[in-house]
>>> print(open('start25.txt').read())   # compact mmCIF, C-alpha atoms and all ligand atoms
# COMPACT_ATOMS: atom_id res chain seq x y z
CA MET A 1 -30.95 -10.27 2.19
CA ILE A 2 -27.27 -10.28 3.13
CA GLU A 3 -27.12 -6.44 3.14
CA LYS A 4 -29.64 -6.42 5.98
CA LEU A 5 -27.45 -8.78 8.00
CA VAL A 6 -24.53 -6.38 7.51
CA GLU A 7 -26.64 -3.39 8.55
CA ASN A 8 -27.56 -5.19 11.79
CA MET A 9 -23.88 -5.73 12.63
CA LYS A 10 -23.03 -2.02 12.49
CA ASP A 11 -22.58 -1.59 16.26
CA GLU A 12 -20.47 -4.72 16.47
CA MET A 13 -18.25 -3.42 13.68
CA VAL A 14 -17.72 -0.10 15.44
CA LYS A 15 -16.93 -1.99 18.65
CA THR A 16 -14.32 -4.13 16.88
CA MET A 17 -12.65 -1.04 15.41
CA VAL A 18 -12.63 0.78 18.76
CA GLU A 19 -11.14 -2.25 20.53
CA MET A 20 -8.55 -2.92 17.82
CA ILE A 21 -7.00 0.55 17.38
CA PRO A 22 -5.46 0.84 20.90
CA ILE A 23 -3.56 -2.41 20.27
CA LYS A 24 -0.61 -0.98 18.38
CA ALA A 25 0.63 -2.91 15.34
CA ILE A 26 3.68 -1.04 14.08
CA SER A 27 6.71 -2.59 12.38
CA PRO A 28 10.04 -2.53 14.26
CA GLU A 29 11.52 -0.44 11.42
CA LEU A 30 9.00 2.26 12.36
CA GLY A 31 9.61 1.95 16.07
CA GLY A 32 7.00 -0.67 16.99
CA THR A 33 6.91 -4.30 18.06
CA GLY A 34 4.96 -5.92 15.23
CA GLU A 35 1.38 -7.13 14.90
CA LYS A 36 1.17 -10.15 17.19
CA GLU A 37 -0.99 -8.63 19.91
CA ARG A 38 -3.45 -7.16 17.44
CA ALA A 39 -3.56 -10.48 15.60
CA ASP A 40 -4.33 -12.28 18.89
CA TYR A 41 -7.28 -9.97 19.39
CA LEU A 42 -8.56 -10.39 15.82
CA GLU A 43 -8.15 -14.15 16.01
CA LYS A 44 -10.57 -14.15 18.93
CA VAL A 45 -13.07 -12.12 16.91
CA LEU A 46 -12.73 -14.60 14.04
CA ASN A 47 -12.86 -17.64 16.31
CA ALA A 48 -16.28 -16.62 17.55
CA ALA A 49 -17.58 -16.67 13.97
CA GLY A 50 -16.85 -20.36 13.43
CA PHE A 51 -15.23 -20.38 10.00
CA ASP A 52 -14.26 -23.64 8.24
CA GLU A 53 -10.58 -22.85 8.42
CA LEU A 54 -8.68 -20.47 10.68
CA LYS A 55 -4.92 -20.40 10.85
CA ARG A 56 -2.01 -18.20 11.75
CA LEU A 57 1.07 -17.74 9.61
CA ASP A 58 3.44 -16.23 12.13
CA VAL A 59 7.11 -15.61 11.55
CA LYS A 60 9.94 -14.17 13.61
CA ASP A 61 11.54 -11.16 11.94
CA GLU A 62 15.20 -10.15 12.01
CA SER A 63 14.68 -8.02 15.12
CA GLY A 64 13.18 -11.02 16.92
CA TYR A 65 9.56 -9.85 16.87
CA ILE A 66 6.71 -12.15 15.91
CA ARG A 67 4.95 -10.95 12.78
CA SER A 68 1.44 -12.33 12.43
CA ASN A 69 -0.75 -13.11 9.47
CA ILE A 70 -4.20 -14.68 9.80
CA ILE A 71 -6.06 -16.75 7.25
CA ALA A 72 -9.73 -17.72 7.50
CA LYS A 73 -11.91 -19.59 5.04
CA ILE A 74 -15.51 -20.46 4.30
CA LYS A 75 -15.93 -23.50 2.08
CA GLY A 76 -18.05 -23.20 -1.04
CA LYS A 77 -20.18 -25.89 -2.67
CA GLU A 78 -17.60 -26.75 -5.31
CA GLY A 79 -14.59 -24.90 -4.00
CA LYS A 80 -12.58 -24.98 -7.22
CA LYS A 81 -11.07 -21.61 -6.38
CA THR A 82 -11.06 -19.01 -3.64
CA LEU A 83 -11.94 -15.34 -3.64
CA TRP A 84 -9.81 -13.66 -1.00
CA LEU A 85 -10.33 -10.40 0.85
CA ALA A 86 -6.86 -9.20 1.82
CA ALA A 87 -6.41 -6.36 4.32
CA HIS A 88 -3.36 -5.41 6.36
CA ILE A 89 -3.34 -5.08 10.14
CA ASP A 90 -0.12 -3.10 10.61
CA THR A 91 -0.14 0.70 10.69
CA VAL A 92 2.33 3.55 10.52
CA PRO A 93 3.12 5.48 13.75
CA GLU A 94 1.17 8.60 14.71
CA GLY A 95 3.70 11.07 13.22
CA ASP A 96 3.76 14.59 14.69
CA ILE A 97 1.57 14.17 17.79
CA SER A 98 0.99 17.93 18.12
CA LEU A 99 -1.10 17.83 14.93
CA TRP A 100 -3.59 15.37 16.45
CA LYS A 101 -6.76 16.72 18.08
CA THR A 102 -7.31 13.40 19.91
CA ASP A 103 -5.08 10.58 21.14
CA PRO A 104 -4.26 8.56 17.99
CA PHE A 105 -4.48 5.29 19.91
CA LYS A 106 -7.67 6.06 21.85
CA PRO A 107 -10.30 5.98 19.10
CA VAL A 108 -13.01 8.61 19.28
CA VAL A 109 -16.41 8.10 17.68
CA GLU A 110 -17.86 11.41 16.52
CA GLY A 111 -20.97 11.32 14.39
CA ASP A 112 -20.21 9.16 11.34
CA ARG A 113 -16.46 9.17 12.00
CA ILE A 114 -14.04 7.12 14.07
CA TYR A 115 -10.75 8.96 14.64
CA GLY A 116 -7.50 7.11 15.32
CA ARG A 117 -4.25 5.95 13.71
CA GLY A 118 -5.02 3.07 11.38
CA THR A 119 -8.78 3.52 11.26
CA ALA A 120 -8.64 4.22 7.51
CA ASP A 121 -5.37 2.46 6.68
CA ASP A 122 -6.25 -0.32 6.84
CA GLY A 123 -8.54 -0.77 9.85
CA GLN A 124 -11.72 -0.04 7.93
CA ALA A 125 -10.88 -2.78 5.45
CA VAL A 126 -9.92 -5.20 8.22
CA VAL A 127 -13.30 -4.74 9.87
CA SER A 128 -15.23 -4.74 6.56
CA SER A 129 -13.56 -7.94 5.41
CA ILE A 130 -14.15 -9.78 8.69
CA TYR A 131 -17.82 -8.78 8.83
CA ALA A 132 -18.45 -9.54 5.16
CA LEU A 133 -17.40 -13.13 5.89
CA LYS A 134 -19.42 -13.15 9.12
CA ALA A 135 -22.48 -11.97 7.21
CA LEU A 136 -21.95 -14.72 4.65
CA LYS A 137 -21.60 -17.31 7.40
CA ASN A 138 -24.72 -16.07 9.21
CA SER A 139 -26.76 -15.93 6.00
CA GLY A 140 -26.46 -19.68 5.54
CA ILE A 141 -25.59 -19.10 1.87
CA ARG A 142 -22.99 -21.51 0.51
CA PRO A 143 -21.37 -19.84 -2.48
CA LYS A 144 -20.09 -21.94 -5.36
CA ASN A 145 -16.44 -21.27 -4.55
CA ASP A 146 -14.42 -20.87 -1.36
CA ILE A 147 -14.20 -17.47 0.30
CA GLY A 148 -11.03 -16.47 2.11
CA LEU A 149 -9.88 -13.72 4.41
CA MET A 150 -6.27 -12.65 4.84
CA LEU A 151 -5.20 -10.28 7.58
CA LEU A 152 -1.66 -9.36 6.75
CA ALA A 153 1.41 -8.05 8.56
CA ASP A 154 4.13 -5.68 7.43
CA GLU A 155 2.40 -3.89 4.54
CA GLU A 156 3.73 -0.46 5.45
CA VAL A 157 7.37 -1.53 5.19
CA GLY A 158 7.27 -3.69 2.06
CA SER A 159 5.33 -6.84 3.08
CA ARG A 160 8.34 -9.08 3.56
CA TYR A 161 6.72 -10.72 6.61
CA GLY A 162 3.23 -10.13 5.26
CA MET A 163 2.02 -10.80 1.73
CA HIS A 164 5.39 -12.07 0.47
CA TYR A 165 5.69 -14.48 3.38
CA VAL A 166 2.12 -15.72 2.94
CA LEU A 167 2.60 -16.17 -0.81
CA ASP A 168 5.64 -18.36 -0.10
CA ASN A 169 4.07 -20.33 2.73
CA TYR A 170 0.43 -20.86 1.88
CA ASN A 171 -0.89 -23.03 -0.89
CA PHE A 172 -3.06 -20.81 -3.05
CA GLY A 173 -5.06 -22.24 -5.94
CA LYS A 174 -3.96 -21.30 -9.45
CA GLU A 175 -7.35 -19.70 -10.16
CA ASP A 176 -7.67 -17.82 -6.88
CA GLU A 177 -8.65 -14.15 -7.06
CA PHE A 178 -8.20 -11.28 -4.64
CA ILE A 179 -9.81 -8.07 -3.48
CA VAL A 180 -7.39 -5.70 -1.78
CA PRO A 181 -9.26 -2.92 0.03
CA ASP A 182 -6.31 -0.58 0.53
CA ALA A 183 -6.71 2.27 -1.97
CA GLY A 184 -9.78 4.12 -3.11
CA ASN A 185 -11.69 7.38 -3.16
CA SER A 186 -14.56 9.05 -1.31
CA LYS A 187 -17.21 7.83 -3.71
CA GLY A 188 -15.97 4.32 -4.28
CA ASP A 189 -16.36 4.69 -8.04
CA ALA A 190 -12.90 3.50 -9.15
CA ILE A 191 -11.48 -0.02 -9.12
CA GLU A 192 -7.70 -0.16 -9.38
CA ILE A 193 -6.45 -2.89 -11.72
CA ALA A 194 -2.88 -1.75 -12.41
CA GLU A 195 0.05 -0.16 -10.59
CA LYS A 196 3.15 1.61 -11.80
CA GLY A 197 6.67 0.35 -11.19
CA LEU A 198 8.59 1.94 -8.38
CA LEU A 199 12.12 3.26 -8.00
CA TRP A 200 13.41 5.11 -4.94
CA ILE A 201 16.98 6.18 -5.44
CA CYS A 202 19.38 8.44 -3.56
CA VAL A 203 22.33 10.15 -5.24
CA LYS A 204 25.37 11.20 -3.22
CA VAL A 205 27.68 13.72 -4.89
CA ILE A 206 31.13 13.94 -3.34
CA GLY A 207 33.27 17.03 -4.01
CA LYS A 208 35.68 18.80 -1.69
CA GLN A 209 34.71 20.81 1.38
CA GLY A 210 36.32 24.19 1.94
CA HIS A 211 36.01 27.76 3.19
CA GLY A 212 33.22 29.84 1.67
CA SER A 213 35.75 32.35 0.39
CA ARG A 214 37.91 29.75 -1.37
CA PRO A 215 35.90 27.98 -4.07
CA ASP A 216 39.19 27.84 -5.96
CA LEU A 217 40.39 25.28 -3.39
CA SER A 218 37.08 23.38 -3.03
CA LEU A 219 34.65 21.44 -5.17
CA ASN A 220 31.11 22.52 -4.30
CA ALA A 221 29.01 19.34 -4.13
CA ASN A 222 25.87 21.39 -3.51
CA ARG A 223 26.08 23.23 -6.85
CA ILE A 224 26.93 20.11 -8.82
CA GLY A 225 24.23 18.15 -6.95
CA MET A 226 21.59 20.73 -7.86
CA LYS A 227 22.62 20.67 -11.52
CA LEU A 228 22.71 16.88 -11.56
CA ALA A 229 19.28 16.62 -9.93
CA LEU A 230 17.79 18.93 -12.56
CA SER A 231 19.55 17.08 -15.39
CA ILE A 232 18.22 13.73 -14.19
CA ASP A 233 14.77 15.26 -13.76
CA GLU A 234 14.71 16.63 -17.32
CA ARG A 235 16.26 13.55 -18.90
CA LEU A 236 13.80 11.11 -17.30
CA HIS A 237 10.79 13.20 -18.22
CA TYR A 238 12.06 13.48 -21.79
CA LYS A 239 12.97 9.80 -22.24
CA PHE A 240 9.92 8.29 -20.55
CA SER A 241 7.18 10.58 -21.77
CA SER A 242 4.53 8.14 -22.94
CA ALA A 243 1.07 8.20 -21.39
CA ASN A 244 -1.53 5.59 -20.49
CA ASN A 245 -4.95 6.97 -19.71
CA ILE A 246 -5.92 4.20 -17.32
CA PHE A 247 -3.45 5.68 -14.81
CA VAL A 248 -3.90 8.63 -12.48
CA PRO A 249 -1.84 10.64 -13.41
CA PRO A 250 -1.52 9.13 -16.93
CA TYR A 251 2.28 9.48 -17.21
CA SER A 252 5.36 8.24 -15.35
CA THR A 253 6.38 10.51 -12.49
CA PHE A 254 9.95 11.39 -11.46
CA GLU A 255 10.03 13.58 -8.38
CA PRO A 256 13.10 14.92 -6.62
CA THR A 257 11.98 14.56 -2.99
CA LYS A 258 14.25 14.19 0.00
CA ARG A 259 17.40 16.27 0.29
CA GLU A 260 19.81 15.64 3.13
CA ALA A 261 21.13 18.47 5.28
CA ASN A 262 24.73 19.39 4.50
CA VAL A 263 26.96 21.88 6.33
CA GLN A 264 25.92 23.75 9.51
CA ASN A 265 27.23 27.14 8.55
CA ILE A 266 26.91 29.51 5.61
CA ASN A 267 30.64 30.02 5.14
CA THR A 268 31.48 26.40 4.40
CA ILE A 269 31.38 25.00 0.89
CA PRO A 270 29.71 21.57 1.15
CA GLY A 271 31.82 18.59 0.20
CA THR A 272 28.86 16.22 -0.13
CA ASP A 273 25.32 16.54 -1.38
CA VAL A 274 22.59 13.90 -1.18
CA PHE A 275 19.28 14.06 -3.05
CA CYS A 276 16.65 11.41 -3.71
CA PHE A 277 14.09 10.68 -6.42
CA ASP A 278 10.72 8.95 -6.14
CA CYS A 279 9.96 7.47 -9.58
CA ARG A 280 6.63 5.83 -10.53
CA ILE A 281 7.00 4.14 -13.87
CA LEU A 282 4.36 3.10 -16.40
CA PRO A 283 4.23 -0.64 -17.23
CA SER A 284 5.45 0.09 -20.78
CA TYR A 285 8.93 0.74 -19.32
CA LYS A 286 11.28 -1.36 -17.25
CA VAL A 287 12.67 0.10 -14.05
CA ASP A 288 16.15 -0.86 -15.26
CA GLU A 289 15.77 1.41 -18.30
CA VAL A 290 15.20 4.33 -15.93
CA LEU A 291 18.15 3.28 -13.84
CA TYR A 292 20.33 3.14 -16.95
CA GLU A 293 19.51 6.76 -17.83
CA ILE A 294 20.31 7.92 -14.31
CA LYS A 295 23.64 6.08 -14.32
CA ASP A 296 24.54 7.48 -17.72
CA GLU A 297 23.86 11.06 -16.57
CA VAL A 298 25.92 10.40 -13.44
CA GLU A 299 28.90 9.18 -15.51
CA TYR A 300 28.77 12.36 -17.58
CA TYR A 301 28.81 14.51 -14.42
CA LYS A 302 31.70 12.58 -12.91
CA LYS A 303 33.79 13.25 -15.99
CA LYS A 304 32.70 16.86 -16.46
CA PHE A 305 33.09 18.04 -12.85
CA GLY A 306 35.55 15.59 -11.33
CA VAL A 307 33.16 14.57 -8.52
CA GLU A 308 32.54 11.09 -7.13
CA VAL A 309 28.93 9.92 -7.19
CA GLU A 310 27.39 7.07 -5.21
CA LEU A 311 23.94 5.67 -5.95
CA LYS A 312 21.79 3.99 -3.34
CA LEU A 313 18.73 1.98 -4.37
CA VAL A 314 16.13 2.18 -1.61
CA GLN A 315 13.23 0.48 -3.39
CA LYS A 316 12.92 -1.05 -6.83
CA SER A 317 10.03 -3.02 -8.26
CA ASP A 318 8.96 -3.49 -11.84
CA PRO A 319 5.34 -2.74 -12.72
CA ALA A 320 3.01 -5.72 -12.32
CA PRO A 321 0.85 -6.90 -15.24
CA GLU A 322 -2.61 -5.34 -15.32
CA THR A 323 -5.52 -7.44 -14.02
CA ASP A 324 -7.84 -8.55 -16.82
CA PRO A 325 -11.02 -6.42 -16.74
CA SER A 326 -13.02 -9.54 -17.68
CA SER A 327 -11.78 -11.61 -14.73
CA GLU A 328 -14.55 -12.82 -12.43
CA VAL A 329 -13.47 -10.70 -9.47
CA ILE A 330 -13.65 -7.48 -11.49
CA VAL A 331 -16.95 -8.37 -13.15
CA LYS A 332 -18.61 -9.36 -9.84
CA LEU A 333 -17.24 -6.35 -7.96
CA LYS A 334 -18.45 -3.96 -10.67
CA LYS A 335 -21.87 -5.58 -10.62
CA ALA A 336 -22.19 -5.33 -6.83
CA ILE A 337 -21.17 -1.65 -6.82
CA LYS A 338 -23.63 -0.91 -9.60
CA GLU A 339 -26.48 -2.67 -7.78
CA LEU A 340 -25.79 -1.17 -4.36
CA ARG A 341 -24.63 2.32 -5.30
CA GLY A 342 -26.28 2.91 -8.65
CA PHE A 343 -23.20 3.77 -10.73
CA ASP A 344 -20.65 1.99 -12.90
CA PRO A 345 -17.17 2.17 -11.38
CA VAL A 346 -14.27 3.00 -13.70
CA LEU A 347 -11.15 0.85 -13.93
CA ILE A 348 -7.94 2.74 -13.14
CA GLY A 349 -4.22 2.40 -12.54
CA ILE A 350 -2.34 4.13 -9.70
CA GLY A 351 1.21 4.96 -8.67
CA GLY A 352 1.35 1.93 -6.38
CA GLY A 353 2.16 0.07 -4.30
CA THR A 354 -0.41 -2.15 -2.66
CA VAL A 355 -0.09 -5.89 -2.04
CA ALA A 356 -1.99 -6.37 -5.30
CA ALA A 357 1.33 -5.89 -7.15
CA PRO A 358 3.06 -9.06 -5.83
CA LEU A 359 -0.17 -10.98 -6.44
CA ARG A 360 -0.38 -9.77 -10.03
CA ARG A 361 3.28 -10.59 -10.59
CA LYS A 362 2.41 -14.19 -9.64
CA GLY A 363 -0.34 -14.15 -12.25
CA TYR A 364 -3.35 -13.63 -9.96
CA SER A 365 -6.23 -11.28 -10.66
CA ALA A 366 -6.56 -8.61 -8.03
CA ALA A 367 -8.98 -5.72 -7.60
CA VAL A 368 -8.03 -2.85 -5.33
CA TRP A 369 -11.09 -1.06 -4.05
CA PHE A 370 -12.70 0.55 -1.04
CA THR A 371 -14.33 3.82 -0.06
CA THR A 372 -12.10 6.23 1.80
CA ASP A 373 -11.41 9.93 2.18
CA ASN A 374 -7.66 9.44 1.60
CA VAL A 375 -6.55 10.41 5.10
CA GLU A 376 -4.04 7.55 5.35
CA HIS A 377 -0.89 8.36 7.31
CA SER A 378 -2.16 11.87 8.16
CA PRO A 379 -2.87 13.33 11.59
CA ASN A 380 -6.51 12.96 12.68
CA GLU A 381 -6.93 9.93 10.43
CA TYR A 382 -10.51 8.71 10.49
CA CYS A 383 -12.82 6.22 8.87
CA LYS A 384 -16.45 6.87 8.15
CA ILE A 385 -18.73 4.32 9.76
CA SER A 386 -21.04 4.59 6.75
CA ASN A 387 -18.16 3.71 4.38
CA MET A 388 -17.20 0.76 6.55
CA VAL A 389 -20.76 -0.59 6.60
CA GLU A 390 -21.57 0.12 2.94
CA ASP A 391 -18.28 -1.44 1.76
CA THR A 392 -19.06 -4.51 3.85
CA LYS A 393 -22.35 -4.81 1.97
CA VAL A 394 -20.50 -4.71 -1.35
CA PHE A 395 -18.01 -7.37 -0.20
CA ALA A 396 -20.77 -9.52 1.27
CA LYS A 397 -22.69 -9.38 -2.00
CA VAL A 398 -19.63 -10.24 -4.09
CA ILE A 399 -18.60 -13.20 -1.94
CA SER A 400 -22.14 -14.57 -1.62
CA GLU A 401 -22.40 -14.66 -5.42
CA TYR A 402 -18.93 -15.99 -6.17
ZN ZN B 1 -2.60 0.52 3.68
>>> encode(input="start25.txt", output="structure tokens")
Amino acid sequence: MIEKLVENMKDEMVKTMVEMIPIKAISPELGGTGEKERADYLEKVLNAAGFDELKRLDVKDESGYIRSNIIAKIKGKEGKKTLWLAAHIDTVPEGDISLWKTDPFKPVVEGDRIYGRGTADDGQAVVSSIYALKALKNSGIRPKNDIGLMLLADEEVGSRYGMHYVLDNYNFGKEDEFIVPDAGNSKGDAIEIAEKGLLWICVKVIGKQGHGSRPDLSLNANRIGMKLALSIDERLHYKFSSANNIFVPPYSTFEPTKREANVQNINTIPGTDVFCFDCRILPSYKVDEVLYEIKDEVEYYKKKFGVEVELKLVQKSDPAPETDPSSEVIVKLKKAIKELRGFDPVLIGIGGGTVAAPLRRKGYSAAVWFTTDNVEHSPNEYCKISNMVEDTKVFAKVISEY
């Protein structure tokens, strides 16, 4: 049984994780040097397994760093299509180091947990995916179709040199399907098949700075900014109020988040005010419709208060079409979870954005699933060894029967 093979590789899996985490793989935008070194290490791990195809899709980014993606494949009997396991090898930085109990880049194994930056996001999936393919290889089973593994760069900063680059530079089959282990819950009972659209926008209100005692000579951007933020907030919630119960939460979300610091002292009336919104939009709406409402509200404020307003789009992506619940990847994944864990997983939608979205936009079926305690990006991030091993069993079962 392939599950037994996975169980026997537990120590090897822990070893791979512990060796991988100290090799930092952080994007230059976040202060790192890219994924090349980590990819070199993982390529060696994969090389030892003897897959039918193993290749690198490396690319130099605009800061001059090499960004590395790895592709490995096991050929099936007919090989009319490929089921891919797609995990990302880059991580975010450690964040506030004083909140960590251990060194984020010296992994610590404690009971069922491995602590370290990137152990959960997306190290667990990287290891699970590699060892699921290893188990398949060692089992001698030749599935009907090809089985692929993608270890991707640049996921944390938008996937330009990761999934987007691979999609443009690798020849995928029209019928290929994907499992993206990069979002999940502690039980592993939800498969994500849809993601909301995304809009990150910053609004800069420009008035006139002045002395705190002379509002008659100034134009307080702070006051107008607060009013405008609340007006946008109310208007978006009112206009885009529909719900879709597949999503968690079931409605579009519009959250005023970041607010930039303004003046240093209390007795100065601020001349500028900058606030930002994080919008997650249900697939029944277009991101441009949301943008239109924001712009319209802004025009009204400009006229009413005599301020200038500048908008800055930080991220914008329309929702991707939902993956068909009857696609083979969803059916097989559900079946494997049911057989190995004893429950039927539910199909859900989330606020986004994993690399499943660009895949779905290209018409591919993609299932986002793994078992995780949702400690991504937090201090003392950890992965449970049991989750890593049990997920590998699920993946191994799915790919051996595909
Ligand atoms: Zn991730």
>>> residues_near_ligand(input="start25.txt", ligand="ligand ZN 1 (chain B)", cutoff="9 Å", atoms="only C-alpha atoms and all ligand atoms", output="list in words")
Ala87, His88, Ile89, Asp90, Thr91, Val92, Gly118, Ala120, Asp121, Asp122, Gly123, Glu155, Glu156, Pro181, Asp182, Ala183, Thr354, Val355, Glu376 and His377 of chain A
>>> residues_around(input="start25.txt", residues="Leu219 in chain A", least_positions_apart="3", cutoff="7 Å", atoms="all atoms listed in the file", output="number ranges by chain")
A: 207-209, 215, 271
>>> closest_residue(input="start25.txt", among="A:Asn245, A:Ser139, A:Thr372, A:Ser317", to="Met1 in chain A", atoms="only C-alpha atoms")
A:Ser139
>>> atom_distance(input="start25.txt", atom1="CA of Glu297 in chain A", atom2="CA of Gln264 in chain A")
29.1 Å
>>> closest_residue(input="start25.txt", among="A:Glu43, A:Glu94, A:Glu177, A:Glu381", to="Ile70 in chain A", atoms="only C-alpha atoms")
A:Glu43
>>> closest_residue(input="start25.txt", among="A:Phe51, A:Tyr115, A:Phe240, A:Tyr292", to="Trp100 in chain A", atoms="all atoms listed in the file")
A:Tyr115
